[in-house]
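Asks: Pasting in a structure now, in structure tokens, and then I'll have a few things to ask.
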Amino acid sequence: MHMMRGISQRISISTNKRCGNLNVTFSKLKAMGYHTRFFVLDGNVLPVGLSRNTVVDHVATRYITLSQLFARDLGTLSRKEPPESPGIPFFGTMLSLAMAGGAQKLHEYVDKRHKELGPVFREQIGPVRAVFVNSPDEFRRIFLGLEGAMPQHFLPESWKLYNEIRAQRRGLLFMDGYEWYYFRKILNKTMLLPDSTKLMSTPCQEAAENLAKKWKAQSQSGSTISDLEHQLYLWSIEAMLATLIGSRWLDHEKQLRSEAKNLALMLHQIFEHSATLSMVPAKLAMTLRLPAWTKFVRAADTIMDKVCKLVPKMIQFDSDGLLRTMMSNGIRDDDAVRIVADFIIAAGDTTAITMQWTLLLLSSRPEFQDHLFHKVKHLSLEEILREHLVRSVWREALRLHPVAPFLTRYLPADATIGDYSVSKGDLILMSIYSSGRNEDDFSQPNEFKPERWIRTKEGGYQGVKNSYASLPFAMGVRSCIGRKLAETQMSLAVAQLVKNFKIECKNRDSIEMILHLISVPSRPIELKLTEREV
């Protein structure tokens with residue numbers, strides 16, 4: 001009662017200031033004989049739903065103004081903030097995170113917070129203050145509406161500072177606004193339309209066959225695959241370069257192999273150093289010349305120098321691959337160099353890591369490997385790309401071990417997420433790791449069960465209640481531009497390896513997921529392959 005009286009007083013004062021003298025009271029149901037949603041304006045009893053054409057214009061205008069003011073003031077009082085864990089100034093809850101395992105275990109720390117605080121909460125971790133969300137329904141709302149026409153996402157401060165001090169103009173990942181919108185429209189045509197797979201399938205198949213050939217030689221000794229991570233980085237980069245160059249890849253493969261090897265060695269280092277810097281203000285690390293900063297800059301300088309020299313060389317090949325298609329659609333000169341350079345950096349790392357997780361998980365299901373072998377052994381390249389069971393393997397791997405455990409967006413306007421109000425400019429972190437292991441949407445959520453992704457007659461999935469709980473490539477206008485290339489690479493590599501080998505892992509039970517900005521195995525995977533008798 002006191003709250004309603006306070007609201008009416010505030011509205012009366014506010015309205016008189018804006019609309020002249022307007023006598024405002026609220027009627028009570030028993031006293032006036034009307035519903036409590038009726039207003040008395042200048043002696044006239046007016047219901048909320050009354051049409052304009054049934055009242056005098058000036059009364060209706062005042063009534064509408066009053067209704068808007070009432071809704072605004074009531075909304076202000078009813079604004080509900082997301083729950084937030086108490087922290088210390090500047091550092092936030094860094095101490096709690098450190099006790100939970102540090103930045104490497106951020107995904108598990110946030111998952112625990114969701115279980116304590118619910119699907120939406122706010123927290124400051126070091127220099128980053130964000131609203132964390134793990135609801136698939138809210139993911140859809142964010143990606144399909146709240147993120148805006150030209151979405152902005154979070155970028156590591158270390159990379160932004162590096163680009164600034166080196167005056168680096170970067171590719172699509174670092175673009176925003178109309179620059180991003182312009183290039184994204186062009187790249188959508190070349191990389192995401194159904195026909196784009198034609199540019200990717202043959203080069204990716206050649207890279208998969210080359211990998212299987214190398215591993216056949218190693219498997220004959222009965223030992224584990226040596227330097228598995230490096231070999232998968234090399235496979236990923238070769239597939240990317242072959243796709244960019246096209247049919248003339250084999251003519252230049254030997255010439256580019258040394259560059260590919262050097263890139264493979266450097267790529268994982270850059271993410272390791274970035275991860276170390278993610279918990280420390282980058283400017284402070286630079287000012288203090290911390291070892292993490294100097295190593296990061298050295299690695300970034302090396303890799304940027306290499307890729308920025310490699311791309312012009314590939315342009316001179318004048319072949320018929322993805323690079324030529326991009327250029328013929330309007331991406332030229334320096335723009336082509338910076339966009340393709342970032343493709344190579346991003347795709348080389350993420351696909352290689354996903355394949356590590358995929359092989360590790362497949363090793364736990366020998367009977368499933370046999371089933372998949374009989375499915376794919378006689379399929380053509382095009383049929384493999386259409387085979388749902390092949391796709392389900394890497395999709396399930398990405399559910400359990402998403403390369404990016406958090407997808408980020410900055411809100412372009414005030415909004416409501418869940419039951420909570422969030423403000424324009426707030427950073428939203430969508431907890432894909434947490435939602436992907438939610439038992440409400442996935443039966444036996446911690447088990448590797450690719451079969452759950454097989455389609456039903458009704459159009460859903462056999463073991464998935466809400467597929468939006470697992471969005472490894474995000475969705476909406478700023479979804480992953482390299483999604484089709486990654487899917488093609490992984491499908492063909494999975495099929496090729498299962499055709500040729502039985503896959504085992506000698507240290508599977510001792511491997512955990514940790515974060516180096518992206519999710520990586522906690523130790524080298526000891527993969528043992530036994531050649532199949534076909």
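Residue names in the structure tokens use chain letters A, B, ... in the order shown, residue numbers from 1 in each chain, and ligand numbers from 1 in the order shown.
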Within 8 Å of Arg508 in chain A, counting only C-alpha atoms, which residues show up once you throw out same-chain ones fewer than 5 positions away? Write them as a PyMOL selection string, please.

Replies: chain A and resi 360+525-526

Asks: What's around range 340-348 of chain A at 7 Å? Count only C-alpha atoms, leave out sequence neighbours fewer than 3 positions away in its own chain, and write the answer as a list in words.

Replies: Gly171, Tyr233, Ser236, Ile237, Met240, Leu267, Val307, Cys308, Val311, Ala336, Val337, Thr351 and Ala352 of chain A

Asks: Which residues are near range 365-380 of chain A? Cut-off 8 Å, only C-alpha atoms, ignore same chain within fewer than 6 positions. Put them as a PyMOL selection string.

Replies: chain A and resi 389-390+495+498-499+502-503

Asks: Nearest to Ser479 in chain A among A:Ile245, A:Glu387, A:Lys213, A:Leu407, with distances taken over only C-alpha atoms: which residue is it?

Replies: A:Leu407

Asks: For Ala149 in chain A, work out the shell of residues within 12 Å, counting only C-alpha atoms and skipping chain neighbours fewer than 2 positions away, then give it as a list in words.

Replies: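 Here the qualifying residues turn out to be Ile142, Phe143, Leu144, Gly145, Leu146, Glu147, Pro151, Gln152, Asp176, Gly177, Tyr178, Trp180, Tyr181, Arg184, Leu411, Pro412, Ala413, Gly476, Val477 and Arg478 of chain A.
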
Asks: Calculated over only C-alpha atoms, which of the candidates A:Met430, A:Ser85, A:Gly246, A:Ser522 has the smallest distance to Asn507 in chain A?

Replies: A:Ser522

Asks: In Å, how far is it from CA of Pro136 in chain A to CA of Glu512 in chain A?

Replies: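 That distance, rounded to one decimal, is 25.2 Å.
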
Asks: Using only C-alpha atoms, which protein or nucleic acid residues come within 9 Å of Thr276 in chain A? Drop anything in the same chain fewer than 2 positions from it, and give the result as a VMD selection string.

Replies: chain A and resid 103 271 to 274 278 to 280 292 to 293 516 to 517

Asks: Include C-alpha atoms and write out the residues we just selected as a PDB file, in the first residue's frame.

Replies:
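Result saved to result30.pdb:
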```pdb
ATOM      1  CA  ALA A 103      41.835 -20.065 -15.261  1.00  0.00           C
ATOM      2  CA  PHE A 271      46.820 -19.589 -27.370  1.00  0.00           C
ATOM      3  CA  GLU A 272      48.799 -20.783 -24.360  1.00  0.00           C
ATOM      4  CA  HIS A 273      50.318 -17.339 -23.820  1.00  0.00           C
ATOM      5  CA  SER A 274      46.966 -15.622 -24.454  1.00  0.00           C
ATOM      6  CA  SER A 278      43.561 -13.505 -19.705  1.00  0.00           C
ATOM      7  CA  MET A 279      43.582 -13.164 -15.913  1.00  0.00           C
ATOM      8  CA  VAL A 280      45.926 -10.149 -15.847  1.00  0.00           C
ATOM      9  CA  ALA A 292      53.906 -14.057 -20.336  1.00  0.00           C
ATOM     10  CA  TRP A 293      53.582 -10.778 -22.258  1.00  0.00           C
ATOM     11  CA  HIS A 516      44.109 -22.209 -22.811  1.00  0.00           C
ATOM     12  CA  LEU A 517      41.494 -19.759 -24.090  1.00  0.00           C
TER      13      LEU A 517
END
```

Asks: If I take CA of Thr350 in chain A and CA of Trp215 in chain A, how far is one from the other in Å, to one decimal?

Replies: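 Between these atoms lies a distance of 21.1 Å.
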
Asks: Which residues are near range 464-470 of chain A? Cut-off 9 Å, only C-alpha atoms, ignore same chain within fewer than 5 positions. Put them as a PyMOL selection string.

Replies: chain A and resi 134-137+139-140+395+398-400+402+432-438+440-443+452-453

Asks: Mind writing the picked residues with N, CA, C and O atoms as an mmCIF file, in the first residue's frame?

Replies:
```
data_model
loop_
_atom_site.group_PDB
_atom_site.id
_atom_site.type_symbol
_atom_site.label_atom_id
_atom_site.label_comp_id
_atom_site.auth_asym_id
_atom_site.auth_seq_id
_atom_site.Cartn_x
_atom_site.Cartn_y
_atom_site.Cartn_z
ATOM 1 N N ASN A 134 23.261 -19.933 -19.127
ATOM 2 C CA ASN A 134 23.370 -21.308 -19.647
ATOM 3 C C ASN A 134 22.017 -21.893 -20.046
ATOM 4 O O ASN A 134 21.829 -23.104 -20.033
ATOM 5 N N SER A 135 21.090 -21.037 -20.451
ATOM 6 C CA SER A 135 19.771 -21.475 -20.876
ATOM 7 C C SER A 135 19.689 -21.528 -22.403
ATOM 8 O O SER A 135 19.897 -20.501 -23.067
ATOM 9 N N PRO A 136 19.369 -22.684 -23.005
ATOM 10 C CA PRO A 136 19.281 -22.760 -24.472
ATOM 11 C C PRO A 136 18.215 -21.854 -25.054
ATOM 12 O O PRO A 136 18.380 -21.322 -26.158
ATOM 13 N N ASP A 137 17.117 -21.649 -24.332
ATOM 14 C CA ASP A 137 16.080 -20.739 -24.820
ATOM 15 C C ASP A 137 16.592 -19.300 -24.855
ATOM 16 O O ASP A 137 16.297 -18.543 -25.797
ATOM 17 N N PHE A 139 19.797 -18.534 -25.171
ATOM 18 C CA PHE A 139 20.779 -18.495 -26.264
ATOM 19 C C PHE A 139 20.091 -18.069 -27.553
ATOM 20 O O PHE A 139 20.579 -17.203 -28.290
ATOM 21 N N ARG A 140 18.963 -18.702 -27.850
ATOM 22 C CA ARG A 140 18.231 -18.384 -29.082
ATOM 23 C C ARG A 140 17.801 -16.924 -29.102
ATOM 24 O O ARG A 140 17.928 -16.242 -30.123
ATOM 25 N N ARG A 395 30.015 -33.911 -33.581
ATOM 26 C CA ARG A 395 29.045 -33.063 -32.888
ATOM 27 C C ARG A 395 28.982 -33.421 -31.399
ATOM 28 O O ARG A 395 28.880 -32.538 -30.542
ATOM 29 N N LEU A 398 32.071 -32.109 -29.684
ATOM 30 C CA LEU A 398 31.982 -30.678 -29.426
ATOM 31 C C LEU A 398 30.973 -30.352 -28.326
ATOM 32 O O LEU A 398 31.068 -29.301 -27.679
ATOM 33 N N ARG A 399 29.998 -31.218 -28.105
ATOM 34 C CA ARG A 399 29.093 -31.024 -26.971
ATOM 35 C C ARG A 399 29.846 -31.199 -25.659
ATOM 36 O O ARG A 399 29.718 -30.392 -24.730
ATOM 37 N N LEU A 400 30.629 -32.266 -25.575
ATOM 38 C CA LEU A 400 31.359 -32.559 -24.345
ATOM 39 C C LEU A 400 32.571 -31.651 -24.151
ATOM 40 O O LEU A 400 32.906 -31.275 -23.025
ATOM 41 N N PRO A 402 33.499 -28.404 -26.020
ATOM 42 C CA PRO A 402 33.432 -27.296 -26.989
ATOM 43 C C PRO A 402 34.756 -26.545 -27.038
ATOM 44 O O PRO A 402 35.340 -26.239 -25.995
ATOM 45 N N ILE A 432 28.440 -22.524 -22.845
ATOM 46 C CA ILE A 432 28.140 -23.655 -23.723
ATOM 47 C C ILE A 432 28.579 -24.981 -23.097
ATOM 48 O O ILE A 432 27.926 -26.009 -23.268
ATOM 49 N N TYR A 433 29.678 -24.965 -22.372
ATOM 50 C CA TYR A 433 30.114 -26.183 -21.684
ATOM 51 C C TYR A 433 29.063 -26.627 -20.678
ATOM 52 O O TYR A 433 28.689 -27.803 -20.613
ATOM 53 N N SER A 434 28.558 -25.684 -19.889
ATOM 54 C CA SER A 434 27.586 -26.006 -18.848
ATOM 55 C C SER A 434 26.269 -26.484 -19.442
ATOM 56 O O SER A 434 25.712 -27.499 -19.023
ATOM 57 N N SER A 435 25.753 -25.781 -20.435
ATOM 58 C CA SER A 435 24.468 -26.172 -21.032
ATOM 59 C C SER A 435 24.589 -27.499 -21.779
ATOM 60 O O SER A 435 23.637 -28.284 -21.828
ATOM 61 N N GLY A 436 25.762 -27.767 -22.351
ATOM 62 C CA GLY A 436 25.959 -29.008 -23.097
ATOM 63 C C GLY A 436 26.011 -30.245 -22.226
ATOM 64 O O GLY A 436 25.905 -31.365 -22.738
ATOM 65 N N ARG A 437 26.152 -30.067 -20.926
ATOM 66 C CA ARG A 437 26.185 -31.207 -20.000
ATOM 67 C C ARG A 437 25.007 -31.176 -19.019
ATOM 68 O O ARG A 437 25.073 -31.753 -17.946
ATOM 69 N N ASN A 438 23.950 -30.516 -19.407
ATOM 70 C CA ASN A 438 22.768 -30.406 -18.568
ATOM 71 C C ASN A 438 21.871 -31.626 -18.776
ATOM 72 O O ASN A 438 21.438 -31.902 -19.898
ATOM 73 N N ASP A 440 18.895 -32.057 -18.103
ATOM 74 C CA ASP A 440 17.539 -31.745 -18.562
ATOM 75 C C ASP A 440 17.418 -31.851 -20.077
ATOM 76 O O ASP A 440 16.334 -32.093 -20.607
ATOM 77 N N ASP A 441 18.523 -31.659 -20.782
ATOM 78 C CA ASP A 441 18.503 -31.687 -22.247
ATOM 79 C C ASP A 441 19.217 -32.893 -22.840
ATOM 80 O O ASP A 441 19.014 -33.213 -24.019
ATOM 81 N N PHE A 442 20.075 -33.567 -22.056
ATOM 82 C CA PHE A 442 20.835 -34.704 -22.567
ATOM 83 C C PHE A 442 20.805 -35.834 -21.539
ATOM 84 O O PHE A 442 21.260 -35.646 -20.406
ATOM 85 N N SER A 443 20.282 -36.974 -21.934
ATOM 86 C CA SER A 443 20.347 -38.132 -21.045
ATOM 87 C C SER A 443 21.800 -38.579 -20.923
ATOM 88 O O SER A 443 22.557 -38.518 -21.893
ATOM 89 N N ARG A 452 22.877 -40.179 -30.001
ATOM 90 C CA ARG A 452 21.838 -39.247 -29.542
ATOM 91 C C ARG A 452 21.499 -38.210 -30.611
ATOM 92 O O ARG A 452 20.424 -37.606 -30.588
ATOM 93 N N TRP A 453 22.409 -37.991 -31.572
ATOM 94 C CA TRP A 453 22.215 -36.965 -32.582
ATOM 95 C C TRP A 453 21.576 -37.492 -33.870
ATOM 96 O O TRP A 453 21.495 -36.758 -34.859
#
```

Asks: Select from range 473-521 of chain A everything DSSP, run on the backbone, classes as strand (DSSP E or B), then give the selection as a PyMOL selection string.

Replies: chain A and resi 501-505+513-516+518-521

Asks: Restricting the output to all heavy atoms, write the selected residues as an mmCIF file, in the first residue's frame.

Replies:
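Result file follows (out25.cif):
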```
data_model
loop_
_atom_site.group_PDB
_atom_site.id
_atom_site.type_symbol
_atom_site.label_atom_id
_atom_site.label_comp_id
_atom_site.auth_asym_id
_atom_site.auth_seq_id
_atom_site.Cartn_x
_atom_site.Cartn_y
_atom_site.Cartn_z
ATOM 1 N N PHE A 501 41.659 -47.780 -39.263
ATOM 2 C CA PHE A 501 42.228 -48.145 -37.971
ATOM 3 C C PHE A 501 41.169 -48.469 -36.921
ATOM 4 O O PHE A 501 40.053 -47.948 -36.964
ATOM 5 C CB PHE A 501 43.083 -46.997 -37.415
ATOM 6 C CG PHE A 501 44.146 -46.490 -38.341
ATOM 7 C CD1 PHE A 501 43.998 -45.256 -38.967
ATOM 8 C CD2 PHE A 501 45.283 -47.233 -38.590
ATOM 9 C CE1 PHE A 501 44.972 -44.774 -39.811
ATOM 10 C CE2 PHE A 501 46.274 -46.764 -39.443
ATOM 11 C CZ PHE A 501 46.111 -45.529 -40.063
ATOM 12 N N LYS A 502 41.590 -49.285 -35.970
ATOM 13 C CA LYS A 502 40.910 -49.381 -34.681
ATOM 14 C C LYS A 502 41.669 -48.458 -33.739
ATOM 15 O O LYS A 502 42.899 -48.509 -33.658
ATOM 16 C CB LYS A 502 40.920 -50.817 -34.170
ATOM 17 C CG LYS A 502 40.084 -51.761 -35.027
ATOM 18 C CD LYS A 502 40.050 -53.167 -34.441
ATOM 19 C CE LYS A 502 39.153 -54.080 -35.278
ATOM 20 N NZ LYS A 502 39.068 -55.451 -34.709
ATOM 21 N N ILE A 503 40.944 -47.631 -33.031
ATOM 22 C CA ILE A 503 41.551 -46.530 -32.267
ATOM 23 C C ILE A 503 41.506 -46.836 -30.777
ATOM 24 O O ILE A 503 40.438 -47.107 -30.216
ATOM 25 C CB ILE A 503 40.817 -45.207 -32.560
ATOM 26 C CG1 ILE A 503 40.843 -44.913 -34.064
ATOM 27 C CG2 ILE A 503 41.423 -44.057 -31.769
ATOM 28 C CD1 ILE A 503 39.871 -43.829 -34.493
ATOM 29 N N GLU A 504 42.667 -46.795 -30.142
ATOM 30 C CA GLU A 504 42.770 -46.977 -28.700
ATOM 31 C C GLU A 504 43.531 -45.793 -28.096
ATOM 32 O O GLU A 504 44.262 -45.091 -28.806
ATOM 33 C CB GLU A 504 43.529 -48.264 -28.359
ATOM 34 C CG GLU A 504 42.934 -49.539 -28.934
ATOM 35 C CD GLU A 504 43.846 -50.721 -28.708
ATOM 36 O OE1 GLU A 504 44.088 -51.049 -27.529
ATOM 37 O OE2 GLU A 504 44.346 -51.286 -29.698
ATOM 38 N N CYS A 505 43.361 -45.598 -26.788
ATOM 39 C CA CYS A 505 44.119 -44.564 -26.084
ATOM 40 C C CYS A 505 44.665 -45.164 -24.795
ATOM 41 O O CYS A 505 43.893 -45.692 -23.984
ATOM 42 C CB CYS A 505 43.249 -43.349 -25.788
ATOM 43 S SG CYS A 505 44.128 -42.050 -24.893
ATOM 44 N N MET A 513 39.906 -31.917 -19.264
ATOM 45 C CA MET A 513 39.768 -30.729 -20.111
ATOM 46 C C MET A 513 40.237 -29.505 -19.331
ATOM 47 O O MET A 513 39.789 -29.256 -18.219
ATOM 48 C CB MET A 513 38.305 -30.557 -20.534
ATOM 49 C CG MET A 513 38.014 -29.278 -21.285
ATOM 50 S SD MET A 513 36.285 -29.245 -21.856
ATOM 51 C CE MET A 513 36.043 -27.466 -22.034
ATOM 52 N N ILE A 514 41.160 -28.742 -19.920
ATOM 53 C CA ILE A 514 41.610 -27.482 -19.341
ATOM 54 C C ILE A 514 41.495 -26.391 -20.403
ATOM 55 O O ILE A 514 41.356 -26.683 -21.592
ATOM 56 C CB ILE A 514 43.054 -27.561 -18.797
ATOM 57 C CG1 ILE A 514 44.028 -27.925 -19.927
ATOM 58 C CG2 ILE A 514 43.156 -28.568 -17.658
ATOM 59 C CD1 ILE A 514 45.492 -27.858 -19.503
ATOM 60 N N LEU A 515 41.560 -25.146 -19.959
ATOM 61 C CA LEU A 515 41.416 -24.028 -20.883
ATOM 62 C C LEU A 515 42.733 -23.306 -21.104
ATOM 63 O O LEU A 515 43.412 -22.933 -20.144
ATOM 64 C CB LEU A 515 40.388 -23.021 -20.348
ATOM 65 C CG LEU A 515 38.957 -23.509 -20.154
ATOM 66 C CD1 LEU A 515 38.044 -22.336 -19.862
ATOM 67 C CD2 LEU A 515 38.456 -24.280 -21.363
ATOM 68 N N HIS A 516 43.075 -23.140 -22.382
ATOM 69 C CA HIS A 516 44.109 -22.209 -22.811
ATOM 70 C C HIS A 516 43.438 -21.255 -23.797
ATOM 71 O O HIS A 516 43.751 -21.251 -24.983
ATOM 72 C CB HIS A 516 45.284 -22.938 -23.469
ATOM 73 C CG HIS A 516 46.153 -23.665 -22.514
ATOM 74 N ND1 HIS A 516 47.096 -24.591 -22.907
ATOM 75 C CD2 HIS A 516 46.240 -23.617 -21.152
ATOM 76 C CE1 HIS A 516 47.717 -25.087 -21.837
ATOM 77 N NE2 HIS A 516 47.212 -24.496 -20.770
ATOM 78 N N ILE A 518 41.020 -21.741 -25.413
ATOM 79 C CA ILE A 518 40.166 -22.803 -25.941
ATOM 80 C C ILE A 518 40.393 -24.053 -25.088
ATOM 81 O O ILE A 518 41.345 -24.133 -24.317
ATOM 82 C CB ILE A 518 40.471 -23.093 -27.428
ATOM 83 C CG1 ILE A 518 41.933 -23.507 -27.601
ATOM 84 C CG2 ILE A 518 40.143 -21.882 -28.294
ATOM 85 C CD1 ILE A 518 42.281 -23.933 -29.008
ATOM 86 N N SER A 519 39.503 -25.044 -25.243
ATOM 87 C CA SER A 519 39.612 -26.249 -24.417
ATOM 88 C C SER A 519 40.641 -27.205 -25.013
ATOM 89 O O SER A 519 40.590 -27.525 -26.204
ATOM 90 C CB SER A 519 38.253 -26.949 -24.324
ATOM 91 O OG SER A 519 37.832 -27.405 -25.589
ATOM 92 N N VAL A 520 41.569 -27.665 -24.201
ATOM 93 C CA VAL A 520 42.629 -28.566 -24.660
ATOM 94 C C VAL A 520 42.792 -29.712 -23.664
ATOM 95 O O VAL A 520 42.430 -29.584 -22.488
ATOM 96 C CB VAL A 520 43.977 -27.817 -24.830
ATOM 97 C CG1 VAL A 520 43.870 -26.715 -25.862
ATOM 98 C CG2 VAL A 520 44.449 -27.244 -23.499
ATOM 99 N N PRO A 521 43.339 -30.850 -24.110
ATOM 100 C CA PRO A 521 43.622 -31.944 -23.178
ATOM 101 C C PRO A 521 44.704 -31.536 -22.179
ATOM 102 O O PRO A 521 45.633 -30.799 -22.513
ATOM 103 C CB PRO A 521 44.107 -33.077 -24.094
ATOM 104 C CG PRO A 521 43.605 -32.724 -25.457
ATOM 105 C CD PRO A 521 43.613 -31.237 -25.514
#
```

Asks: Please indicate the distance in Å from CA of Leu161 in chain A to CA of Met266 in chain A, rounded to one decimal place.

Replies: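 For CA of Leu161 in chain A relative to CA of Met266 in chain A, the distance reads 19.8 Å.
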
Asks: May I have the residues within 9 Å of range 282-289 of chain A as a list in words, using only C-alpha atoms and disregarding those fewer than 6 positions away in the same chain?

Replies: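 Here the answer would be Pro156, Glu157, Ser158, Trp159 and Leu161 of chain A.
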
Asks: Using only C-alpha atoms for the distances, tell me which of A:Glu138, A:Asp335, A:Asp320, A:Asp509 is nearest to Ser247 in chain A.

Replies: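 Distance minimum relative to Ser247 in chain A lands on A:Asp320.
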